[in-house]
Structure formats: structure tokens, C-alpha cells
Amino acid sequence: MRIGFNHATNLYNERFDNEGSRLIILTKFATQLKSMLRTHNCGELRSENIGEQVQLSGWLQRSRDLGGMTFLDLRDRYGITQLAFNMESNAALCEQARKLGREFVLQVEGKVIERTSKNAQMSTGDIELEVSKLTVLNSSKVPPFTIETESDGGEELRMQYRFLDLRRAPLQENLALRHRLALAVRTYLSSASFLEIETPYLIKSTPEGARDFVVPSRMNEGQYYALPQSPQTFKQLLMISGYDRYFQIVRCFRDEDLRADRQPEFTQIDCEMAFVERDDVLALFEGLMKHLFTEVKGLDLPDFPRMAYDEAMEKYGNDKPDLRFGMEIQNLNSATQGKGFKVFDDAESVLGICAKGQGEYSRKQLDALTDWVKRPQIGMRGLVYIKYNADGSFKSSVDKFYTQEQLGEIAKTCSASEGDLLLVLSGDDRLTRKAMSELRLEMGGRMGLKDPSKYAPLWVVDFPLLEKDEESGAVHAMHHPFTSALPEDREKLKTHPLEVKANAYDMVINGVELGGGSIRIHDRSEQEQMFDALGFTKDEAEAQFGFLMKAFEYGAPPHGGIAFGFDRIAAMFGGTDSIRDYIAFPKNNSGRDVMIDAPAPISDEQKKELGLA
Ligand code: ASP
């Protein structure tokens, strides 16, 4: 049995039953539920309650008819209580109970009695309710899938009937977890003097790298609002207005292609602070994450190391490295090139990783791995392996080109020892590094190094300020255009803009980017210079961001902030990548809500009114 912990607010006490599946809220909170229709909830009664007369309300999950006895499982969000009906003592009531269908809404009254056959798997498994009165509060159609911890319904069907899926214990726990996180965020930030302030949803587009969702304005024909990709400019304006510590748990909208960890509307914990430098922001929000882990998971996180973007790319091929394991990427150019193997000689980069203790990989496993790197998503032409045998010799796929001594040199560069397997990729540096990053993660998974009970946080800092799109040649802000350059790099913005580092940071845990932010520009001319570097004309910059630049002229304090992906944090705390399971009413992969059937066409009349027809 997992026992929960008291939260900062001390509102309730929680625990999970043996299946780890149902969240039960006891004590204070439970007694607050007392109403005309129930004295207790369905997860609350224990042997201490034996002999008490109680009332419960809930949904009928399952019924079992054993001839002389009928048992019903009554469910609510707190648990399940077994209801017992005895044919001998009350035949009419027993008959009534037998006729009830799944998901009927019932109210029952009765006496708590000891169960003859106890169920140790259930928190209420020692007792049952000997029902003396049964009221059907509402009937139900037969639900299209079973509403139990494991449902028999397919994804699409459960999305269509999300209101029923949400009755299942795992989803109820996910949303309760989300609630506890939100509460802990508010407690921590409020105690650090942050004010929660709402910003508008109907705004003008803010460039954060995605497409905007737009809303036509009836009163301003031919004009459109955009839904915020984030409250970025508003939170900066709030700093100028003197609200030196702001936060908001806020919906953001981005019209992007969807993946498991993306939704067109998602929630951020959005924060901004005035009169701070980078280290102040990092300390405060490292504190927030530690607080969430202690409060909600009962775990103490270590201090977060910091890693420069360049180092992350060099060692892990990725700006959000999973540090639960090492297996760093090694550059093998000097150990491999100039020895007559054309593939390596022609490559910009030859990169290797050392899979510890995997020297026994079979031919079949290596072939499978080679196929894996050749998949279009990874895009490599092949994979070279070097096995470091137990006897100190080497066996590789490039034995024709390298002597044992030369293979030993490569192994040394990778700090390999007997029994290890080296995997080598080569080609264009950027693509090969990216592929190697994927291969490292894949091997980490195959070798069981991605321990789900381990959390490896870090800050990635010193990102490039700008990046060049390889295809179009256009320059973009890597974070967003309001991010300042590192103080020591500011001068370079005019001369070598692509070398400038940003005063930006990301919080990463286990390879997931949970949040990111920056110290902002708070000076008009610096902001103008940034827009210039991004290829905006003066007029374009003025038309889009004149309001912000104007505000900079009225005493803008130095400021910076961060935003966290709240859905991602909830999913990480729940132990999955799928944020959808932590959102009450999510969209599917095509951005549709299949329950309400949106998006949907609008009438011609509505279009006319909006000036769209
Ligand atoms: N607005 C940024 C984002 O949504 C976060 C920040 O810079 O505070 O990623």
C-alpha cells in the first residue's frame, strides 16, 4: 500500500490501494462530502465502520448474481464498495437489484458489515454494505465499453465517449494528479510573492515559431484576432507596469502538426520576474520543480547541473539530453580517417558511442540495428560496429580497413573495455549527430538504462540567439525575438549575428524539455536591432511590435522569465509521455475533438456576419 503525504495546504490525505489504481481521499475532505444523498464516499468504509448505518451514492460498475445473494459494485471517484442483497431476508429488494444495468446511478442505505470473503486487493475489501433501501437516481444505456481500470474500448471510441472514459480510475487519478500539481505550483509561487494575473486570449499574433489560430472579428470586418501562442508580450508589459513577479497557469494555442506530446491547445505555467538576472530565475524555478517533486511525489531532487548548448550537442547530439545514462558521443575523426576507408575519409564527422557490456550482440541484433539506423526517420546509410572481445581482440564490420591496433585506438578514444560494443556512424555533422543522438536513446532503451524511477534534471544554457534555416536561408530567433543576447556577446550582434549566444535556458528532465525561458531585451534600440537581424523592416517591426517597443521607452525594468509545459509536467509525474491522458478533453491526432465534433463548418449566415462570405 502506498501512503500519500500531507500537502502544503493540508487539505486532504491520500492513499492508493494495492492495485495502485484508485486514489482514495480520506479524512477531512471525505467528511465534507456529506450530503442528503450520501454520508460517505465509495472508497472510505473500513472495518472500523462495521455496524454503522450509512448512505452511499454512485454508479453501478458490476453485478454478480449468486442465487441466494446478489452483489453490486458501487463506484464513485474515491473507490468501490460492495453492496450485498440477500434473497432470504429481503427478496423484493434483491429482485430490484438484479434488474439494474451497468452505470445506473444509485443511492443506497444500509449497514456496514464484515465480508465473509475479504478482498485484500481493495481498500474497502474487508466490508460490504447490507442494503436496506435502494433508490435509482438515474438509469443508463449500456455503455459502449467497460468502465474499469482496464477498458475494452478502442482509443477512438473512448474519445467519442470521453465523458465515460473519464469515469475510469486511471483518468480520474491523472486529473487529480494534475490538480495537486496546480495547487503546489500556486502555493510555491504565491509564497514567493508572485501574483496570478490573467492575460487576454483574443490578441494579435505573437511569433513563437508556430502558426496562429485566428478568430474573425464581427465588429471589425476583415480583421482577425489571433489566439496567443503564449502570453509573452503581455507578461513583459506587466513587468513594465510594476507587477514584478507574475505567473499564470494558462492555455496557449499553436497550430502545429501534432505528436504524442503536443496538442493544439495546451497549458503553460507562465512566469516572469523583474529586477533579476539569469541565476535568480534559475534558482527560483529549480526551487519550483524541487517543490513539486517533494510535495507531489515525495522525492528530493538533486541540484540541477548546468550544461552549455554546445556541450549538449557535442556529447549527446541533442539540446535536451537524457542524463539518466552516459554513453556520450565521441568524435572519431582522427582515430578513423586517413586509413583508407573511404566512407569515413569522406565524412565530415565520424561519431561513435560505446554500449557497455554489449560485446555479445549477435549478427542478427546488429543487422536489426543497422536496419533501424537506415529507417527514413534516422536516415543513415549504414552502421559500423566494433566488438571489443573478452580476450582483448576486436571484431568489426571494417576489419578489412583497420588493423587490430587501429581498432584499439578507436576503442581507447571511446573509453571502451573488454566486452563492450562500439557503434559508429558517419556523414554530415549535423545529420550524423542527430542520428547518433537517436541511436544513443535507442540503445539506452534496449539496455534498460532509462530507469523510470530515476530523474535526471539539468539546465541547458547559452543557446545560439539565432538560427539559419538551411533550406530558405532565413534567420529565426531560436527562442523568440524578445530574448536578449548574453551580455558579453551583445556587440557581436551587428558583426557576427549567428555566433551570438542567447541569455536563454531550458529545464530538461530525462530528455524531456519541461520549460524554457530567457532574460529579455528591455531597451528599444536593442529590440529594433534584433528585429533587424531577423529581417524585419522598420515598418514591419513597428506594425507588429510597436506597442512593446513604445512601452520600453517608459521605464522598462530588466526582466526575464520562463514557461513550463504543464501537461508535460503532469505526464512526467504520472510516468508517461502522452500528455493527452492528463487533459480532460484533448484533441486527437488530426486536431479534432471527436466528442463534440469540432472543428465544424459554420452557416452561411454566420459567415456573412463575420465578413467571410
Ligand atoms: N513564451 C515562451 C514560450 O512559450 C517562454 C518564455 O520565454 O518565457 O516558450
# chains A, B, ... in the order shown; residues from 1 in each chain; ligands from 1

call {"tool": "residues_near_ligand", "arguments": {"ligand": "ligand 1", "cutoff": "6 Å", "atoms": "only C-alpha atoms and all ligand atoms", "output": "mmCIF file with C-alpha atoms, in the first residue's frame"}}
result
data_model
loop_
_atom_site.group_PDB
_atom_site.id
_atom_site.type_symbol
_atom_site.label_atom_id
_atom_site.label_comp_id
_atom_site.auth_asym_id
_atom_site.auth_seq_id
_atom_site.Cartn_x
_atom_site.Cartn_y
_atom_site.Cartn_z
ATOM 1 C CA SER A 230 1.889 32.286 -25.198
ATOM 2 C CA GLN A 232 4.870 36.525 -23.851
ATOM 3 C CA GLY A 516 12.274 27.297 -21.249
ATOM 4 C CA GLY A 517 12.787 31.000 -20.937
ATOM 5 C CA SER A 518 15.214 33.870 -21.149
ATOM 6 C CA GLY A 561 11.077 34.579 -17.135
ATOM 7 C CA ILE A 562 10.211 31.097 -18.114
ATOM 8 C CA ALA A 563 7.258 28.965 -19.128
#

call {"tool": "select_by_dssp", "arguments": {"residues": "segment 148-344 of chain A", "states": "strand (DSSP E or B)", "output": "ChimeraX atom specification"}}
result
/A:195-196,203,211,214-216,224-226,245-253,255,265-274,306-308,330-331

call {"tool": "select_by_dssp", "arguments": {"residues": "segment 236-295 of chain A", "states": "helix (DSSP H, G or I)", "output": "ChimeraX atom specification"}}
result
/A:236-240,278-295

call {"tool": "atom_distance", "arguments": {"atom1": "atom CA of Leu72 of chain A", "atom2": "atom CA of Phe585 of chain A"}}
result
29.9 Å

call {"tool": "atom_distance", "arguments": {"atom1": "atom CA of Leu45 of chain A", "atom2": "atom CA of Thr124 of chain A"}}
result
5.9 Å

call {"tool": "closest_residue", "arguments": {"among": "A:Ala184, A:Leu486, A:Cys252, A:Met159", "to": "Leu202 of chain A", "atoms": "only C-alpha atoms"}}
result
A:Cys252

call {"tool": "atom_distance", "arguments": {"atom1": "atom CA of Lys374 of chain A", "atom2": "atom CA of Ser362 of chain A"}}
result
18.5 Å

call {"tool": "residues_around", "arguments": {"residues": "Gly444 of chain A", "least_positions_apart": "2", "cutoff": "12 Å", "atoms": "only C-alpha atoms", "output": "compact mmCIF listing (two decimals) with N, CA, C and O atoms, in the first residue's frame"}}
result
# COMPACT_ATOMS: atom_id res chain seq x y z
N PRO A 321 19.32 16.58 -23.42
CA PRO A 321 19.89 15.25 -23.18
C PRO A 321 19.23 14.50 -22.02
O PRO A 321 18.85 15.10 -21.02
N ASP A 322 19.10 13.20 -22.22
CA ASP A 322 18.63 12.33 -21.15
C ASP A 322 19.87 11.91 -20.35
O ASP A 322 20.68 11.12 -20.83
N LEU A 323 20.02 12.46 -19.17
CA LEU A 323 21.24 12.21 -18.37
C LEU A 323 21.07 11.05 -17.40
O LEU A 323 21.88 10.90 -16.49
N ARG A 324 20.04 10.22 -17.60
CA ARG A 324 19.94 9.06 -16.72
C ARG A 324 21.06 8.07 -17.03
O ARG A 324 21.34 7.19 -16.25
N PHE A 325 21.67 8.24 -18.19
CA PHE A 325 22.82 7.39 -18.52
C PHE A 325 23.83 8.18 -19.34
O PHE A 325 23.53 9.24 -19.86
N GLY A 326 25.09 7.64 -19.39
CA GLY A 326 26.18 8.35 -20.05
C GLY A 326 26.18 8.10 -21.55
O GLY A 326 25.47 8.74 -22.29
N MET A 327 26.96 7.14 -22.00
CA MET A 327 27.06 6.77 -23.40
C MET A 327 27.24 8.01 -24.28
O MET A 327 26.51 8.23 -25.26
N GLU A 328 28.22 8.82 -23.90
CA GLU A 328 28.43 10.08 -24.63
C GLU A 328 28.97 9.83 -26.04
O GLU A 328 29.69 8.87 -26.28
N ILE A 353 29.57 5.69 -30.25
CA ILE A 353 29.15 5.54 -28.84
C ILE A 353 29.59 4.15 -28.38
O ILE A 353 29.74 3.24 -29.19
N CYS A 354 29.77 4.03 -27.08
CA CYS A 354 30.20 2.77 -26.52
C CYS A 354 29.05 2.19 -25.69
O CYS A 354 28.64 2.78 -24.69
N ALA A 355 28.53 1.04 -26.16
CA ALA A 355 27.46 0.37 -25.41
C ALA A 355 28.13 -0.64 -24.47
O ALA A 355 28.60 -1.68 -24.90
N LYS A 356 28.19 -0.24 -23.21
CA LYS A 356 28.91 -1.03 -22.19
C LYS A 356 28.33 -2.44 -22.07
O LYS A 356 27.11 -2.62 -21.96
N GLN A 358 27.93 -4.82 -24.14
CA GLN A 358 27.07 -5.35 -25.20
C GLN A 358 27.88 -6.08 -26.29
O GLN A 358 27.38 -6.29 -27.40
N MET A 436 22.96 9.95 -34.27
CA MET A 436 23.66 9.32 -33.16
C MET A 436 22.91 9.54 -31.85
O MET A 436 22.88 8.67 -30.98
N SER A 437 22.32 10.73 -31.74
CA SER A 437 21.53 11.03 -30.54
C SER A 437 20.37 10.03 -30.43
O SER A 437 20.09 9.48 -29.36
N GLU A 438 19.73 9.76 -31.57
CA GLU A 438 18.61 8.81 -31.59
C GLU A 438 19.10 7.40 -31.26
O GLU A 438 18.46 6.65 -30.52
N LEU A 439 20.25 7.05 -31.83
CA LEU A 439 20.79 5.70 -31.61
C LEU A 439 21.17 5.53 -30.13
O LEU A 439 20.93 4.48 -29.53
N ARG A 440 21.72 6.59 -29.54
CA ARG A 440 22.07 6.54 -28.11
C ARG A 440 20.81 6.29 -27.27
O ARG A 440 20.80 5.44 -26.37
N LEU A 441 19.73 7.01 -27.60
CA LEU A 441 18.49 6.84 -26.84
C LEU A 441 17.92 5.44 -27.04
O LEU A 441 17.42 4.81 -26.12
N GLU A 442 18.02 4.97 -28.29
CA GLU A 442 17.52 3.63 -28.60
C GLU A 442 18.30 2.58 -27.81
O GLU A 442 17.72 1.68 -27.20
N ARG A 446 17.16 -0.12 -25.09
CA ARG A 446 17.39 -1.57 -25.22
C ARG A 446 18.18 -2.10 -24.04
O ARG A 446 18.02 -3.25 -23.65
N MET A 447 19.07 -1.27 -23.49
CA MET A 447 19.92 -1.74 -22.39
C MET A 447 19.28 -1.49 -21.01
O MET A 447 19.92 -1.73 -19.99
N GLY A 448 18.05 -1.00 -21.01
CA GLY A 448 17.34 -0.79 -19.74
C GLY A 448 17.93 0.34 -18.91
O GLY A 448 17.85 0.34 -17.67
N LEU A 449 18.52 1.34 -19.60
CA LEU A 449 19.15 2.43 -18.84
C LEU A 449 18.21 3.61 -18.59
O LEU A 449 18.56 4.55 -17.89
N LYS A 450 17.01 3.53 -19.17
CA LYS A 450 16.06 4.63 -18.96
C LYS A 450 15.17 4.29 -17.78
O LYS A 450 13.97 4.03 -17.95
N ASP A 451 15.76 4.24 -16.63
CA ASP A 451 15.05 3.82 -15.42
C ASP A 451 13.90 4.79 -15.10
O ASP A 451 14.14 5.97 -14.83
N ASN A 510 15.13 13.97 -17.84
CA ASN A 510 15.05 12.69 -18.56
C ASN A 510 14.80 12.85 -20.06
O ASN A 510 13.99 12.13 -20.65
N GLY A 511 15.44 13.83 -20.65
CA GLY A 511 15.31 14.01 -22.10
C GLY A 511 14.04 14.73 -22.52
O GLY A 511 13.74 14.82 -23.70

call {"tool": "residues_around", "arguments": {"residues": "Thr187 of chain A", "least_positions_apart": "2", "cutoff": "12 Å", "atoms": "only C-alpha atoms", "output": "PDB file with N, CA and C atoms, in the first residue's frame"}}
result
ATOM      1  N   HIS A   7      -0.245  17.567   2.049  1.00  0.00           N
ATOM      2  CA  HIS A   7       0.202  18.630   1.160  1.00  0.00           C
ATOM      3  C   HIS A   7       0.348  19.913   1.938  1.00  0.00           C
ATOM      4  N   ALA A   8       1.000  20.832   1.282  1.00  0.00           N
ATOM      5  CA  ALA A   8       1.235  22.115   1.936  1.00  0.00           C
ATOM      6  C   ALA A   8      -0.070  22.666   2.509  1.00  0.00           C
ATOM      7  N   THR A   9      -1.118  22.515   1.763  1.00  0.00           N
ATOM      8  CA  THR A   9      -2.395  23.059   2.185  1.00  0.00           C
ATOM      9  C   THR A   9      -3.048  22.191   3.241  1.00  0.00           C
ATOM     10  N   ASN A  10      -2.585  20.959   3.346  1.00  0.00           N
ATOM     11  CA  ASN A  10      -3.112  20.019   4.318  1.00  0.00           C
ATOM     12  C   ASN A  10      -4.606  19.795   4.154  1.00  0.00           C
ATOM     13  N   ARG A 180      -3.301  18.427  -8.079  1.00  0.00           N
ATOM     14  CA  ARG A 180      -2.345  18.572  -6.973  1.00  0.00           C
ATOM     15  C   ARG A 180      -1.114  19.356  -7.421  1.00  0.00           C
ATOM     16  N   LEU A 181      -0.712  19.126  -8.686  1.00  0.00           N
ATOM     17  CA  LEU A 181       0.434  19.884  -9.209  1.00  0.00           C
ATOM     18  C   LEU A 181       0.090  21.373  -9.294  1.00  0.00           C
ATOM     19  N   ALA A 182      -1.092  21.662  -9.807  1.00  0.00           N
ATOM     20  CA  ALA A 182      -1.502  23.067  -9.956  1.00  0.00           C
ATOM     21  C   ALA A 182      -1.528  23.746  -8.581  1.00  0.00           C
ATOM     22  N   LEU A 183      -2.034  23.006  -7.607  1.00  0.00           N
ATOM     23  CA  LEU A 183      -2.129  23.553  -6.250  1.00  0.00           C
ATOM     24  C   LEU A 183      -0.726  23.847  -5.711  1.00  0.00           C
ATOM     25  N   ALA A 184       0.192  22.886  -5.923  1.00  0.00           N
ATOM     26  CA  ALA A 184       1.555  23.054  -5.408  1.00  0.00           C
ATOM     27  C   ALA A 184       2.272  24.204  -6.130  1.00  0.00           C
ATOM     28  N   VAL A 185       1.987  24.369  -7.437  1.00  0.00           N
ATOM     29  CA  VAL A 185       2.577  25.492  -8.178  1.00  0.00           C
ATOM     30  C   VAL A 185       2.101  26.804  -7.564  1.00  0.00           C
ATOM     31  N   LEU A 189       4.602  29.534  -5.779  1.00  0.00           N
ATOM     32  CA  LEU A 189       4.811  30.844  -6.394  1.00  0.00           C
ATOM     33  C   LEU A 189       4.172  31.952  -5.566  1.00  0.00           C
ATOM     34  N   SER A 190       3.011  31.678  -4.982  1.00  0.00           N
ATOM     35  CA  SER A 190       2.374  32.710  -4.160  1.00  0.00           C
ATOM     36  C   SER A 190       3.261  33.023  -2.961  1.00  0.00           C
ATOM     37  N   SER A 191       3.880  31.984  -2.390  1.00  0.00           N
ATOM     38  CA  SER A 191       4.710  32.254  -1.220  1.00  0.00           C
ATOM     39  C   SER A 191       5.990  32.990  -1.619  1.00  0.00           C
ATOM     40  N   ALA A 192       6.318  32.986  -2.909  1.00  0.00           N
ATOM     41  CA  ALA A 192       7.473  33.766  -3.374  1.00  0.00           C
ATOM     42  C   ALA A 192       7.014  35.108  -3.959  1.00  0.00           C
ATOM     43  N   SER A 193       5.840  35.577  -3.551  1.00  0.00           N
ATOM     44  CA  SER A 193       5.303  36.898  -3.935  1.00  0.00           C
ATOM     45  C   SER A 193       4.832  37.027  -5.378  1.00  0.00           C
ATOM     46  N   PHE A 194       4.632  35.915  -6.068  1.00  0.00           N
ATOM     47  CA  PHE A 194       4.105  36.007  -7.435  1.00  0.00           C
ATOM     48  C   PHE A 194       2.601  36.271  -7.386  1.00  0.00           C
ATOM     49  N   LEU A 195       2.126  37.055  -8.345  1.00  0.00           N
ATOM     50  CA  LEU A 195       0.686  37.283  -8.474  1.00  0.00           C
ATOM     51  C   LEU A 195       0.192  36.542  -9.707  1.00  0.00           C
ATOM     52  N   GLU A 196      -0.945  35.875  -9.577  1.00  0.00           N
ATOM     53  CA  GLU A 196      -1.527  35.216 -10.744  1.00  0.00           C
ATOM     54  C   GLU A 196      -2.412  36.226 -11.456  1.00  0.00           C
ATOM     55  N   PHE A 247       2.657  35.176 -12.503  1.00  0.00           N
ATOM     56  CA  PHE A 247       2.530  33.837 -13.104  1.00  0.00           C
ATOM     57  C   PHE A 247       1.087  33.620 -13.510  1.00  0.00           C
ATOM     58  N   LEU A 288      11.059  25.618  -7.703  1.00  0.00           N
ATOM     59  CA  LEU A 288       9.675  25.216  -8.000  1.00  0.00           C
ATOM     60  C   LEU A 288       9.623  23.721  -8.335  1.00  0.00           C
ATOM     61  N   HIS A 291      10.169  21.597  -5.370  1.00  0.00           N
ATOM     62  CA  HIS A 291       8.965  21.652  -4.527  1.00  0.00           C
ATOM     63  C   HIS A 291       7.898  20.689  -5.057  1.00  0.00           C
ATOM     64  N   LEU A 292       7.699  20.685  -6.373  1.00  0.00           N
ATOM     65  CA  LEU A 292       6.687  19.791  -6.948  1.00  0.00           C
ATOM     66  C   LEU A 292       7.055  18.327  -6.678  1.00  0.00           C
ATOM     67  N   GLU A 295       6.523  17.655  -2.879  1.00  0.00           N
ATOM     68  CA  GLU A 295       5.119  17.710  -2.475  1.00  0.00           C
ATOM     69  C   GLU A 295       4.283  16.613  -3.109  1.00  0.00           C
TER      70      GLU A 295
END

call {"tool": "residues_around", "arguments": {"residues": "segment 100-112 of chain A", "least_positions_apart": "2", "cutoff": "6 Å", "atoms": "only C-alpha atoms", "output": "ChimeraX atom specification"}}
result
/A:50-61,97-98,128-140

call {"tool": "residues_around", "arguments": {"residues": "Gly574 of chain A", "least_positions_apart": "5", "cutoff": "9 Å", "atoms": "only C-alpha atoms", "output": "NGL selection string"}}
result
:A and (174 or 177 or 569 or 582)

call {"tool": "residues_around", "arguments": {"residues": "Ala504 of chain A", "least_positions_apart": "3", "cutoff": "8 Å", "atoms": "only C-alpha atoms", "output": "list in words"}}
result
Val461, Asp462, Phe463, His479, Thr483, Ser484, Gly516, Gly517, Ser518 and Ile519 of chain A

call {"tool": "decode", "arguments": {"residues": "segment 521-547 of chain A", "atoms": "N, CA and C atoms", "output": "PDB file, in the first residue's frame"}}
result
ATOM      1  N   ILE A 521      15.102  41.377 -23.717  1.00  0.00           N
ATOM      2  CA  ILE A 521      15.539  42.722 -24.110  1.00  0.00           C
ATOM      3  C   ILE A 521      14.581  43.704 -23.428  1.00  0.00           C
ATOM      4  N   HIS A 522      15.113  44.814 -22.844  1.00  0.00           N
ATOM      5  CA  HIS A 522      14.184  45.792 -22.273  1.00  0.00           C
ATOM      6  C   HIS A 522      14.511  47.207 -22.747  1.00  0.00           C
ATOM      7  N   ASP A 523      15.168  47.244 -23.899  1.00  0.00           N
ATOM      8  CA  ASP A 523      15.607  48.523 -24.431  1.00  0.00           C
ATOM      9  C   ASP A 523      15.173  48.611 -25.892  1.00  0.00           C
ATOM     10  N   ARG A 524      14.597  49.728 -26.229  1.00  0.00           N
ATOM     11  CA  ARG A 524      14.012  49.858 -27.568  1.00  0.00           C
ATOM     12  C   ARG A 524      15.031  49.632 -28.693  1.00  0.00           C
ATOM     13  N   SER A 525      16.193  50.268 -28.572  1.00  0.00           N
ATOM     14  CA  SER A 525      17.113  50.169 -29.707  1.00  0.00           C
ATOM     15  C   SER A 525      17.653  48.742 -29.844  1.00  0.00           C
ATOM     16  N   GLU A 526      17.821  48.073 -28.705  1.00  0.00           N
ATOM     17  CA  GLU A 526      18.284  46.696 -28.779  1.00  0.00           C
ATOM     18  C   GLU A 526      17.231  45.800 -29.434  1.00  0.00           C
ATOM     19  N   GLN A 527      15.967  46.073 -29.106  1.00  0.00           N
ATOM     20  CA  GLN A 527      14.887  45.284 -29.701  1.00  0.00           C
ATOM     21  C   GLN A 527      14.800  45.549 -31.201  1.00  0.00           C
ATOM     22  N   GLU A 528      15.016  46.826 -31.581  1.00  0.00           N
ATOM     23  CA  GLU A 528      14.992  47.170 -33.013  1.00  0.00           C
ATOM     24  C   GLU A 528      16.102  46.442 -33.762  1.00  0.00           C
ATOM     25  N   GLN A 529      17.247  46.388 -33.101  1.00  0.00           N
ATOM     26  CA  GLN A 529      18.396  45.723 -33.704  1.00  0.00           C
ATOM     27  C   GLN A 529      18.109  44.230 -33.912  1.00  0.00           C
ATOM     28  N   MET A 530      17.417  43.655 -32.940  1.00  0.00           N
ATOM     29  CA  MET A 530      17.061  42.234 -33.027  1.00  0.00           C
ATOM     30  C   MET A 530      16.106  42.006 -34.206  1.00  0.00           C
ATOM     31  N   PHE A 531      15.084  42.853 -34.318  1.00  0.00           N
ATOM     32  CA  PHE A 531      14.148  42.690 -35.438  1.00  0.00           C
ATOM     33  C   PHE A 531      14.875  42.860 -36.767  1.00  0.00           C
ATOM     34  N   ASP A 532      15.836  43.756 -36.779  1.00  0.00           N
ATOM     35  CA  ASP A 532      16.632  43.971 -37.981  1.00  0.00           C
ATOM     36  C   ASP A 532      17.398  42.688 -38.335  1.00  0.00           C
ATOM     37  N   ALA A 533      18.029  42.074 -37.316  1.00  0.00           N
ATOM     38  CA  ALA A 533      18.776  40.826 -37.555  1.00  0.00           C
ATOM     39  C   ALA A 533      17.849  39.725 -38.063  1.00  0.00           C
ATOM     40  N   LEU A 534      16.577  39.802 -37.681  1.00  0.00           N
ATOM     41  CA  LEU A 534      15.618  38.782 -38.094  1.00  0.00           C
ATOM     42  C   LEU A 534      14.983  39.095 -39.452  1.00  0.00           C
ATOM     43  N   GLY A 535      15.437  40.179 -40.050  1.00  0.00           N
ATOM     44  CA  GLY A 535      14.971  40.508 -41.386  1.00  0.00           C
ATOM     45  C   GLY A 535      13.658  41.275 -41.435  1.00  0.00           C
ATOM     46  N   PHE A 536      13.216  41.851 -40.303  1.00  0.00           N
ATOM     47  CA  PHE A 536      12.025  42.707 -40.324  1.00  0.00           C
ATOM     48  C   PHE A 536      12.440  44.077 -40.839  1.00  0.00           C
ATOM     49  N   THR A 537      11.582  44.704 -41.649  1.00  0.00           N
ATOM     50  CA  THR A 537      11.831  46.104 -41.964  1.00  0.00           C
ATOM     51  C   THR A 537      11.386  46.915 -40.745  1.00  0.00           C
ATOM     52  N   LYS A 538      11.799  48.176 -40.696  1.00  0.00           N
ATOM     53  CA  LYS A 538      11.405  49.052 -39.568  1.00  0.00           C
ATOM     54  C   LYS A 538       9.878  49.114 -39.458  1.00  0.00           C
ATOM     55  N   ASP A 539       9.220  49.239 -40.632  1.00  0.00           N
ATOM     56  CA  ASP A 539       7.761  49.367 -40.633  1.00  0.00           C
ATOM     57  C   ASP A 539       7.081  48.098 -40.129  1.00  0.00           C
ATOM     58  N   GLU A 540       7.615  46.950 -40.570  1.00  0.00           N
ATOM     59  CA  GLU A 540       7.015  45.683 -40.120  1.00  0.00           C
ATOM     60  C   GLU A 540       7.154  45.535 -38.601  1.00  0.00           C
ATOM     61  N   ALA A 541       8.344  45.850 -38.102  1.00  0.00           N
ATOM     62  CA  ALA A 541       8.586  45.731 -36.664  1.00  0.00           C
ATOM     63  C   ALA A 541       7.633  46.658 -35.911  1.00  0.00           C
ATOM     64  N   GLU A 542       7.489  47.861 -36.430  1.00  0.00           N
ATOM     65  CA  GLU A 542       6.623  48.841 -35.776  1.00  0.00           C
ATOM     66  C   GLU A 542       5.162  48.372 -35.795  1.00  0.00           C
ATOM     67  N   ALA A 543       4.732  47.876 -36.960  1.00  0.00           N
ATOM     68  CA  ALA A 543       3.332  47.456 -37.083  1.00  0.00           C
ATOM     69  C   ALA A 543       3.035  46.300 -36.134  1.00  0.00           C
ATOM     70  N   GLN A 544       3.963  45.371 -36.001  1.00  0.00           N
ATOM     71  CA  GLN A 544       3.675  44.201 -35.166  1.00  0.00           C
ATOM     72  C   GLN A 544       3.976  44.415 -33.694  1.00  0.00           C
ATOM     73  N   PHE A 545       5.068  45.118 -33.409  1.00  0.00           N
ATOM     74  CA  PHE A 545       5.504  45.199 -32.011  1.00  0.00           C
ATOM     75  C   PHE A 545       5.731  46.604 -31.515  1.00  0.00           C
ATOM     76  N   GLY A 546       5.148  47.573 -32.227  1.00  0.00           N
ATOM     77  CA  GLY A 546       5.286  48.964 -31.807  1.00  0.00           C
ATOM     78  C   GLY A 546       4.868  49.143 -30.358  1.00  0.00           C
ATOM     79  N   PHE A 547       3.775  48.436 -29.958  1.00  0.00           N
ATOM     80  CA  PHE A 547       3.255  48.610 -28.590  1.00  0.00           C
ATOM     81  C   PHE A 547       4.290  48.226 -27.539  1.00  0.00           C
TER      82      PHE A 547
END
